[in-house]
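Quick look at upload.cif (mmCIF, C-alpha atoms and all ligand atoms):
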data_upload
#
loop_
_atom_site.label_atom_id
_atom_site.label_comp_id
_atom_site.auth_asym_id
_atom_site.auth_seq_id
_atom_site.Cartn_x
_atom_site.Cartn_y
_atom_site.Cartn_z
CA MET A 1 159.99 68.08 68.31
CA ASN A 2 161.29 65.31 66.09
CA ASN A 3 160.27 65.72 62.42
CA LEU A 4 159.30 62.07 61.97
CA PHE A 5 157.01 62.25 65.01
CA VAL A 6 155.36 65.46 63.71
CA LYS A 7 154.86 63.95 60.24
CA GLY A 8 153.31 60.73 61.60
CA ARG A 9 151.16 62.62 64.06
CA ASN A 10 149.90 65.03 61.37
CA LYS A 11 149.11 62.17 59.00
CA ALA A 12 147.08 60.35 61.68
CA ILE A 13 145.11 63.52 62.51
CA MET A 14 144.54 64.28 58.83
CA LEU A 15 143.18 60.77 58.21
CA ALA A 16 140.91 60.93 61.26
CA TYR A 17 139.67 64.38 60.22
CA LYS A 18 139.03 63.52 56.59
CA SER A 19 137.49 60.10 57.14
CA VAL A 20 135.44 60.72 60.29
CA LEU A 21 135.05 64.32 61.43
CA LYS A 22 134.81 66.15 58.11
CA PRO A 23 131.99 63.97 56.71
CA ILE A 24 130.05 64.58 59.94
CA PHE A 25 130.74 68.34 59.93
CA PHE A 26 129.98 68.67 56.22
CA SER A 27 126.60 66.98 56.73
CA MET A 28 125.61 69.70 59.23
CA ASP A 29 124.64 73.34 58.80
CA PRO A 30 127.94 75.28 58.32
CA GLU A 31 127.13 78.08 60.75
CA ASN A 32 126.09 75.57 63.40
CA VAL A 33 129.44 73.76 62.99
CA HIS A 34 131.31 77.08 63.14
CA ASP A 35 129.53 78.06 66.40
CA LYS A 36 130.23 74.64 67.93
CA MET A 37 133.92 74.77 66.97
CA VAL A 38 134.32 78.24 68.48
CA SER A 39 132.65 77.17 71.70
CA PHE A 40 134.75 73.94 71.84
CA GLY A 41 137.92 75.91 71.11
CA LYS A 42 137.09 78.40 73.84
CA THR A 43 136.68 75.56 76.35
CA LEU A 44 139.95 73.90 75.31
CA GLY A 45 141.78 77.23 75.50
CA ALA A 46 140.60 77.94 79.04
CA SER A 47 142.81 75.35 80.81
CA SER A 48 146.62 75.22 80.80
CA LEU A 49 146.42 71.40 80.74
CA THR A 50 144.41 71.25 77.50
CA ARG A 51 146.59 74.00 76.00
CA GLY A 52 149.66 71.85 76.77
CA ILE A 53 148.05 68.75 75.23
CA LEU A 54 147.15 70.77 72.14
CA ARG A 55 150.74 71.92 71.74
CA LEU A 56 151.87 68.27 71.72
CA THR A 57 149.10 67.35 69.28
CA PHE A 58 149.50 70.23 66.83
CA GLY A 59 152.72 72.11 67.66
CA TYR A 60 155.70 72.60 65.37
CA THR A 61 158.51 75.11 65.87
CA ASN A 62 161.57 75.90 63.83
CA PRO A 63 163.86 78.96 64.04
CA VAL A 64 163.80 79.21 60.22
CA LEU A 65 160.18 80.39 60.50
CA GLU A 66 160.80 83.16 63.06
CA GLN A 67 160.68 86.81 62.03
CA ASP A 68 160.74 90.28 63.57
CA ILE A 69 158.30 92.47 61.68
CA LEU A 70 157.47 96.05 62.66
CA GLY A 71 158.87 95.34 66.12
CA ILE A 72 156.71 92.24 66.61
CA ARG A 73 158.20 88.78 67.07
CA PHE A 74 156.41 86.06 65.04
CA ARG A 75 157.23 82.41 65.82
CA ASN A 76 155.94 81.37 62.43
CA PRO A 77 154.28 83.18 59.50
CA VAL A 78 150.92 81.38 59.51
CA GLY A 79 148.02 83.23 61.16
CA LEU A 80 144.29 82.81 61.59
CA ALA A 81 142.45 85.27 59.33
CA ALA A 82 139.71 87.61 60.58
CA GLY A 83 136.18 86.22 60.60
CA PHE A 84 136.64 82.84 62.30
CA ASP A 85 136.92 84.28 65.81
CA LYS A 86 134.39 87.06 65.50
CA ASN A 87 134.00 87.74 69.24
CA ALA A 88 137.64 87.20 70.21
CA GLU A 89 137.11 83.97 72.16
CA LEU A 90 139.88 81.79 70.72
CA HIS A 91 143.10 83.70 71.36
CA GLN A 92 144.14 81.25 74.08
CA ILE A 93 143.89 78.20 71.85
CA LEU A 94 145.53 79.66 68.73
CA PRO A 95 149.19 79.03 69.74
CA GLY A 96 148.26 75.46 70.75
CA VAL A 97 146.99 74.60 67.27
CA GLY A 98 150.18 76.00 65.78
CA PHE A 99 149.30 79.51 64.61
CA GLY A 100 152.08 82.11 64.69
CA PHE A 101 149.56 84.94 65.11
CA GLY A 102 145.83 85.52 65.02
CA GLU A 103 143.49 88.23 63.85
CA LEU A 104 140.30 88.66 65.88
CA GLY A 105 137.04 90.16 64.62
CA SER A 106 136.05 91.96 62.56
CA ILE A 107 134.73 94.00 65.47
CA THR A 108 132.46 96.96 64.89
CA GLY A 109 131.51 100.14 66.76
CA TYR A 110 128.18 98.65 67.90
CA PRO A 111 126.91 95.09 68.44
CA CYS A 112 125.48 93.56 65.30
CA GLU A 113 123.40 90.42 64.69
CA GLY A 114 124.61 90.22 61.10
CA ASN A 115 122.48 89.38 58.09
CA PHE A 116 119.52 87.01 58.06
CA LYS A 117 120.25 83.26 57.97
CA PRO A 118 121.22 81.23 56.04
CA ARG A 119 124.48 83.12 55.59
CA LEU A 120 127.21 80.52 55.24
CA TRP A 121 127.44 77.84 52.54
CA ARG A 122 130.07 75.36 51.37
CA LEU A 123 131.30 75.12 47.80
CA ARG A 124 132.55 71.55 48.12
CA ARG A 125 133.93 71.13 44.63
CA SER A 126 135.50 74.59 44.43
CA LYS A 127 136.94 74.24 47.96
CA GLY A 128 135.44 77.49 49.12
CA LEU A 129 132.76 79.00 51.31
CA VAL A 130 130.13 81.58 50.51
CA VAL A 131 130.04 84.00 53.42
CA TYR A 132 127.18 86.39 54.07
CA TYR A 133 127.55 86.86 57.84
CA GLY A 134 127.42 90.66 57.59
CA LEU A 135 129.85 91.36 60.45
CA LYS A 136 128.04 89.54 63.25
CA ASN A 137 129.82 90.42 66.52
CA LYS A 138 129.25 91.67 70.08
CA GLY A 139 130.65 95.13 69.36
CA CYS A 140 133.81 96.92 70.43
CA GLU A 141 132.77 97.88 73.97
CA ILE A 142 131.98 94.38 75.21
CA ILE A 143 134.89 92.72 73.39
CA SER A 144 137.53 95.30 74.35
CA ASN A 145 136.45 95.07 78.00
CA GLU A 146 136.85 91.31 77.88
CA LEU A 147 140.29 91.50 76.28
CA ARG A 148 141.77 94.44 78.20
CA THR A 149 143.42 92.41 80.95
CA ARG A 150 144.38 89.40 78.81
CA GLN A 151 147.96 88.35 78.05
CA PHE A 152 148.51 86.93 74.59
CA ASP A 153 151.04 84.15 73.85
CA ILE A 154 151.32 85.07 70.18
CA PRO A 155 150.88 88.40 68.34
CA ILE A 156 147.21 89.33 68.11
CA GLY A 157 145.71 91.64 65.53
CA ILE A 158 142.34 93.27 65.98
CA SER A 159 140.27 93.77 62.84
CA VAL A 160 137.88 96.71 63.01
CA ALA A 161 135.03 97.46 60.62
CA MET A 162 131.96 99.65 60.56
CA THR A 163 128.70 98.33 62.00
CA ASN A 164 126.46 96.78 59.38
CA CYS A 165 123.43 99.07 59.64
CA ARG A 166 121.46 101.58 57.60
CA ASP A 167 122.79 104.60 59.57
CA ASN A 168 126.31 103.89 58.33
CA VAL A 169 125.34 104.42 54.72
CA ASP A 170 125.93 108.05 55.77
CA VAL A 171 129.71 108.43 55.55
CA ALA A 172 129.96 110.73 58.60
CA ASN A 173 128.32 108.05 60.74
CA ALA A 174 130.51 105.34 59.26
CA LEU A 175 133.66 107.37 60.06
CA ASN A 176 132.56 107.76 63.69
CA ASP A 177 131.77 104.06 63.89
CA TYR A 178 135.24 103.04 62.68
CA ALA A 179 136.83 105.58 65.03
CA LYS A 180 134.88 104.22 68.00
CA ALA A 181 136.03 100.64 67.34
CA PHE A 182 139.60 101.75 66.59
CA THR A 183 139.79 103.75 69.83
CA SER A 184 138.48 100.83 71.91
CA PHE A 185 141.44 98.69 70.83
CA GLN A 186 144.09 101.41 71.09
CA ASN A 187 146.01 99.42 73.71
CA ILE A 188 144.99 95.84 72.95
CA GLY A 189 146.94 93.44 70.76
CA GLU A 190 150.04 93.87 68.63
CA TYR A 191 148.48 95.33 65.48
CA ILE A 192 145.18 96.69 64.25
CA THR A 193 143.53 96.16 60.87
CA VAL A 194 141.07 98.49 59.21
CA ASN A 195 138.78 96.25 57.20
CA ILE A 196 137.46 98.27 54.24
CA SER A 197 136.52 95.24 52.17
CA CYS A 198 133.62 93.44 53.84
CA PRO A 199 131.42 92.47 50.87
CA ASN A 200 128.32 91.93 53.00
CA ALA A 201 127.51 95.17 54.80
CA GLU A 202 124.72 97.66 54.13
CA GLY A 203 125.95 100.29 51.69
CA GLY A 204 128.69 98.07 50.16
CA GLN A 205 132.35 99.06 50.45
CA PRO A 206 132.30 102.87 50.47
CA PHE A 207 135.93 103.22 51.61
CA VAL A 208 137.26 101.69 48.43
CA ASP A 209 136.62 105.18 47.07
CA PRO A 210 139.96 107.06 47.46
CA GLU A 211 138.38 110.27 48.74
CA LYS A 212 136.38 108.48 51.39
CA LEU A 213 139.37 106.32 52.30
CA ASN A 214 141.42 109.49 52.72
CA LEU A 215 138.79 110.83 55.14
CA LEU A 216 138.71 107.56 57.08
CA LEU A 217 142.47 107.21 57.46
CA GLY A 218 142.80 110.92 58.26
CA LYS A 219 140.35 110.46 61.12
CA LEU A 220 142.16 107.36 62.40
CA ASP A 221 145.57 109.13 62.17
CA ASN A 222 144.39 111.40 64.99
CA ILE A 223 143.73 108.49 67.35
CA GLU A 224 146.85 107.56 69.30
CA VAL A 225 148.00 103.98 68.79
CA LYS A 226 151.48 102.63 69.36
CA LYS A 227 151.12 99.63 67.12
CA PRO A 228 151.17 99.01 63.38
CA VAL A 229 148.06 99.65 61.31
CA PHE A 230 147.06 97.37 58.44
CA VAL A 231 144.35 97.90 55.82
CA LYS A 232 142.53 94.87 54.40
CA ILE A 233 141.53 95.15 50.77
CA SER A 234 139.33 93.31 48.29
CA PRO A 235 140.70 90.93 45.65
CA ASP A 236 138.27 92.39 43.09
CA LEU A 237 139.95 95.78 42.59
CA ASN A 238 141.20 96.82 39.16
CA PRO A 239 144.81 98.08 38.81
CA GLY A 240 143.70 101.72 38.53
CA ARG A 241 141.79 101.51 41.80
CA ILE A 242 144.64 99.68 43.52
CA ASP A 243 147.02 102.50 42.49
CA GLU A 244 144.64 105.12 43.86
CA ILE A 245 144.27 103.23 47.13
CA LEU A 246 148.06 102.82 47.46
CA SER A 247 148.62 106.53 46.98
CA VAL A 248 146.08 107.26 49.74
CA LEU A 249 147.60 104.66 52.09
CA LYS A 250 151.03 106.29 51.64
CA GLN A 251 149.71 109.59 52.96
CA HIS A 252 148.61 108.03 56.24
CA ARG A 253 149.78 105.96 59.19
CA VAL A 254 149.50 102.61 57.43
CA HIS A 255 152.23 100.01 57.83
CA GLY A 256 150.79 97.07 56.00
CA ILE A 257 148.15 95.66 53.68
CA ILE A 258 146.19 92.41 53.92
CA CYS A 259 145.69 90.88 50.48
CA SER A 260 142.88 89.90 50.54
CA ASN A 261 139.29 89.61 51.68
CA LEU A 262 136.50 87.56 50.04
CA THR A 263 135.77 87.82 46.32
CA LYS A 264 132.32 88.80 45.11
CA LYS A 265 132.85 87.85 41.49
CA ARG A 266 131.02 84.73 40.32
CA SER A 267 132.69 84.69 36.88
CA ASN A 268 135.75 82.93 38.24
CA PRO A 269 137.02 79.75 36.54
CA ALA A 270 137.97 78.34 39.94
CA ILE A 271 134.27 78.23 40.92
CA ILE A 272 133.17 74.84 39.66
CA ASP A 273 130.12 74.10 41.82
CA GLY A 274 126.86 74.11 39.87
CA ILE A 275 124.90 76.18 42.37
CA VAL A 276 126.40 79.24 44.00
CA PRO A 277 124.24 81.44 46.26
CA GLU A 278 123.84 84.94 44.84
CA LYS A 279 124.53 86.74 48.07
CA GLY A 280 127.86 86.86 49.85
CA GLY A 281 131.61 86.78 49.26
CA ILE A 282 133.58 83.68 48.37
CA SER A 283 136.62 82.34 50.24
CA GLY A 284 139.07 79.52 49.64
CA ALA A 285 140.53 78.26 46.37
CA PRO A 286 138.61 80.77 44.17
CA VAL A 287 140.46 83.63 45.94
CA ARG A 288 143.92 82.08 45.66
CA ASP A 289 145.11 83.49 42.32
CA LEU A 290 143.34 86.81 42.86
CA SER A 291 145.18 87.24 46.13
CA ASP A 292 148.53 86.08 44.68
CA ASN A 293 148.22 88.56 41.83
CA LEU A 294 147.32 91.38 44.20
CA ILE A 295 150.34 90.62 46.40
CA SER A 296 152.73 90.57 43.40
CA TYR A 297 151.25 93.76 42.00
CA ILE A 298 151.63 95.68 45.25
CA TYR A 299 155.04 94.26 46.11
CA LYS A 300 156.39 95.06 42.65
CA LYS A 301 155.21 98.67 42.97
CA GLU A 302 155.97 99.34 46.62
CA LYS A 303 158.64 96.81 47.66
CA ASP A 304 159.13 97.12 51.44
CA ARG A 305 157.00 100.25 51.89
CA PHE A 306 154.18 98.06 53.19
CA VAL A 307 154.30 94.76 55.03
CA ILE A 308 152.01 92.43 53.10
CA ILE A 309 149.93 89.72 54.75
CA GLY A 310 148.82 87.24 52.10
CA CYS A 311 145.40 85.69 52.57
CA GLY A 312 143.12 83.60 50.39
CA GLY A 313 143.06 79.98 49.29
CA ILE A 314 145.95 78.57 51.33
CA PHE A 315 145.53 74.80 51.65
CA ASN A 316 149.15 73.66 51.87
CA ALA A 317 152.76 74.82 52.21
CA ARG A 318 153.13 75.47 48.46
CA ASP A 319 150.18 77.89 48.52
CA ALA A 320 151.70 79.75 51.46
CA TYR A 321 155.19 79.76 49.91
CA LYS A 322 153.84 81.17 46.65
CA LYS A 323 152.36 84.12 48.54
CA ILE A 324 155.65 84.64 50.41
CA ARG A 325 157.65 84.56 47.18
CA ALA A 326 155.14 87.02 45.68
CA GLY A 327 155.87 89.51 48.48
CA ALA A 328 153.93 88.50 51.60
CA SER A 329 155.86 88.47 54.87
CA LEU A 330 153.06 86.65 56.67
CA VAL A 331 150.04 84.63 55.60
CA GLN A 332 146.58 83.99 57.02
CA MET A 333 143.94 81.34 56.46
CA ILE A 334 140.49 80.01 57.39
CA THR A 335 139.01 77.88 54.61
CA GLY A 336 142.03 75.58 54.19
CA MET A 337 141.78 74.65 57.87
CA ILE A 338 138.10 73.72 57.43
CA PHE A 339 138.70 71.57 54.34
CA GLU A 340 142.04 70.01 55.36
CA GLY A 341 141.80 69.77 59.17
CA PRO A 342 143.49 71.59 62.06
CA GLN A 343 146.84 69.80 61.56
CA VAL A 344 147.23 71.75 58.30
CA ILE A 345 148.82 74.66 60.18
CA SER A 346 151.78 72.60 61.34
CA GLU A 347 151.89 70.80 57.97
CA ILE A 348 152.23 74.20 56.29
CA ASN A 349 154.94 75.36 58.69
CA MET A 350 156.88 72.13 58.30
CA GLY A 351 156.46 72.22 54.52
CA LEU A 352 157.65 75.83 54.43
CA VAL A 353 160.89 74.91 56.19
CA LYS A 354 161.47 72.21 53.57
CA LEU A 355 160.73 74.54 50.65
CA LEU A 356 162.90 77.33 52.07
CA LYS A 357 165.83 74.99 52.64
CA LYS A 358 165.45 73.46 49.17
CA ASP A 359 165.77 76.94 47.65
CA GLY A 360 168.75 77.80 49.84
CA TYR A 361 167.07 80.30 52.17
CA ARG A 362 168.08 80.47 55.82
CA ASN A 363 164.78 82.01 56.93
CA VAL A 364 161.38 83.19 55.69
CA LYS A 365 162.47 86.81 55.35
CA GLU A 366 165.01 85.92 52.63
CA ALA A 367 162.25 84.44 50.43
CA VAL A 368 159.83 87.38 50.68
CA GLY A 369 159.26 88.77 47.17
CA ALA A 370 161.77 86.34 45.58
CA ASP A 371 159.55 85.91 42.52
CA VAL A 372 159.19 89.63 41.83
CA LYS A 373 162.67 90.93 42.70
C1 LIG A 401 133.31 82.46 57.74
C2 LIG A 401 134.14 83.62 57.32
C3 LIG A 401 133.94 84.86 57.92
C4 LIG A 401 134.73 85.95 57.56
N1 LIG A 401 134.57 87.16 58.19
C5 LIG A 401 135.50 88.14 57.98
C6 LIG A 401 135.50 89.31 58.78
O1 LIG A 401 134.68 89.48 59.69
N2 LIG A 401 136.44 90.25 58.54
C7 LIG A 401 137.40 90.10 57.55
O2 LIG A 401 138.25 90.98 57.38
N3 LIG A 401 137.41 88.99 56.78
C8 LIG A 401 136.50 88.02 56.98
N4 LIG A 401 136.54 86.87 56.23
C9 LIG A 401 137.54 86.76 55.14
C10 LIG A 401 138.81 86.02 55.60
O3 LIG A 401 139.46 86.72 56.61
C11 LIG A 401 139.76 85.80 54.42
O4 LIG A 401 140.14 87.07 53.94
C12 LIG A 401 139.14 85.01 53.29
O5 LIG A 401 138.31 83.99 53.79
C13 LIG A 401 140.20 84.36 52.42
O6 LIG A 401 140.97 83.44 53.17
P1 LIG A 401 140.70 81.85 53.14
O7 LIG A 401 140.59 81.46 51.72
O8 LIG A 401 141.89 81.26 53.81
O9 LIG A 401 139.46 81.61 53.90
C14 LIG A 401 135.73 85.79 56.54
C15 LIG A 401 135.90 84.54 55.94
C16 LIG A 401 135.14 83.47 56.31
C17 LIG A 401 135.38 82.14 55.64
#

Would you give me this structure, written as structure tokens?
Amino acid sequence: MNNLFVKGRNKAIMLAYKSVLKPIFFSMDPENVHDKMVSFGKTLGASSLTRGILRLTFGYTNPVLEQDILGIRFRNPVGLAAGFDKNAELHQILPGVGFGFGELGSITGYPCEGNFKPRLWRLRRSKGLVVYYGLKNKGCEIISNELRTRQFDIPIGISVAMTNCRDNVDVANALNDYAKAFTSFQNIGEYITVNISCPNAEGGQPFVDPEKLNLLLGKLDNIEVKKPVFVKISPDLNPGRIDEILSVLKQHRVHGIICSNLTKKRSNPAIIDGIVPEKGGISGAPVRDLSDNLISYIYKKEKDRFVIIGCGGIFNARDAYKKIRAGASLVQMITGMIFEGPQVISEINMGLVKLLKKDGYRNVKEAVGADVK
């Protein structure tokens, strides 16, 4: 596709989104908008005609963006992060809107209604969301049965977590819950993520504790999977805890790390809204530096031992490029798409090509970790 056409097209969509759609969406209840967008996306993804139209409307491809990572071919490094497509309904539309990969879930051992509403808020000035969903999803049995026979056009990751319920405060139950979800997706998708950093579940984040994490990963090691395993961590960890977690990850079948999930900390200079709900984790711009620092820290220590997926506060190509130069091979996003519009995915990919070329790189891989080498 011609670059001038893509630029003009993206600009027109961005203007329409920011001047018409976004004011309407932002005047409505955030969870209601999220549900409507998922249901609309599911409908658009169901027909090959609408998928083709979407590709023309949002697509952008360039060989500079292609990578082979852990035996998986990625057309571009920008993916949808876990949490937007909780029940795995959007995988058919994701390539059409320009994503290079998508992570579905988080999906838990048992169905879960999530926490009481309200549980999603916007931080308009800080460009973030406060998320208190509490792992709402239909559970691994229903979702894996729906996905089992599906073909995916782009690499799909499945994020698994433990069901948000009182029983799982008991670690033995939580281990079985993770194992149940993990087993259900043994043969579905290109990679699997173990989410140990949901800030909104009963009992907190027990598997941030190295001993418990060791038990969890030991249990999952015994379940046969032929695809890479990622672990998603919190941006609020101190260096000592990160080191402990890394040493546990190295003892197990873990190929990559997602940096990062939502932040719980309110004492963050990037949070500039006057009122911030007490409950929940924060996404978007307030996570950006935390995630960048986590990526650099891990890449500096471990180099290529783990594939890093950078996530948190990506709103444009520069944000994505910074994460890549800090050590991320791939990036993921949600909040930037909500604030900037769906054309932002192709804007980021196009912008990345420009930034890579400007710095003399022939492809994304060459830039990974450039700022910490
Ligand atoms: C509405 C919403 C729901 C989320 N749910 C999950 C989830 O179920 N599992 C997960 O690993 N991360 C979840 N996250 C965290 C995101 O995957 C991501 O780590 C975080 O939002 C930072 O990226 P962003 O700034 O691009 O949104 C959620 C985020 C949002 C905004």

Practice problem: Work out how far atom CA of A:Thr193 is from atom CA of A:Val208, in Å to one decimal. | Solution: 15.0 Å

Quiz item: Would you name the residues within 6 Å of ligand LIG 401 (chain A), counting all atoms listed in the file, and put them as a VMD selection string?
Solution: chain A and resid 81 to 84 105 to 106 129 131 135 195 260 to 262 283 to 284 311 to 314 333 to 336

C-alpha atoms of the current selection, written as an mmCIF file, keeping the file's coordinate frame:
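The result, written out as out_3.cif:
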data_model
loop_
_atom_site.group_PDB
_atom_site.id
_atom_site.type_symbol
_atom_site.label_atom_id
_atom_site.label_comp_id
_atom_site.auth_asym_id
_atom_site.auth_seq_id
_atom_site.Cartn_x
_atom_site.Cartn_y
_atom_site.Cartn_z
ATOM 1 C CA ALA A 81 142.450 85.270 59.330
ATOM 2 C CA ALA A 82 139.710 87.610 60.580
ATOM 3 C CA GLY A 83 136.180 86.220 60.600
ATOM 4 C CA PHE A 84 136.640 82.840 62.300
ATOM 5 C CA GLY A 105 137.040 90.160 64.620
ATOM 6 C CA SER A 106 136.050 91.960 62.560
ATOM 7 C CA LEU A 129 132.760 79.000 51.310
ATOM 8 C CA VAL A 131 130.040 84.000 53.420
ATOM 9 C CA LEU A 135 129.850 91.360 60.450
ATOM 10 C CA ASN A 195 138.780 96.250 57.200
ATOM 11 C CA SER A 260 142.880 89.900 50.540
ATOM 12 C CA ASN A 261 139.290 89.610 51.680
ATOM 13 C CA LEU A 262 136.500 87.560 50.040
ATOM 14 C CA SER A 283 136.620 82.340 50.240
ATOM 15 C CA GLY A 284 139.070 79.520 49.640
ATOM 16 C CA CYS A 311 145.400 85.690 52.570
ATOM 17 C CA GLY A 312 143.120 83.600 50.390
ATOM 18 C CA GLY A 313 143.060 79.980 49.290
ATOM 19 C CA ILE A 314 145.950 78.570 51.330
ATOM 20 C CA MET A 333 143.940 81.340 56.460
ATOM 21 C CA ILE A 334 140.490 80.010 57.390
ATOM 22 C CA THR A 335 139.010 77.880 54.610
ATOM 23 C CA GLY A 336 142.030 75.580 54.190
#

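Going from atom CA of A:Thr108 over to atom CA of A:Arg288, you cover 26.9 Å.
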
Practice problem: Check the smallest atom-to-atom distance from each of A:Leu246, A:Cys140, A:Ile282, A:Ala16 to A:Trp121 using only C-alpha atoms, then report the winner. | Solution: A:Ile282

Exercise. For atom CA of A:Tyr297 and atom CA of A:Lys322, determine how far apart the two atoms are, in Å to one decimal place.
Key: 13.7 Å
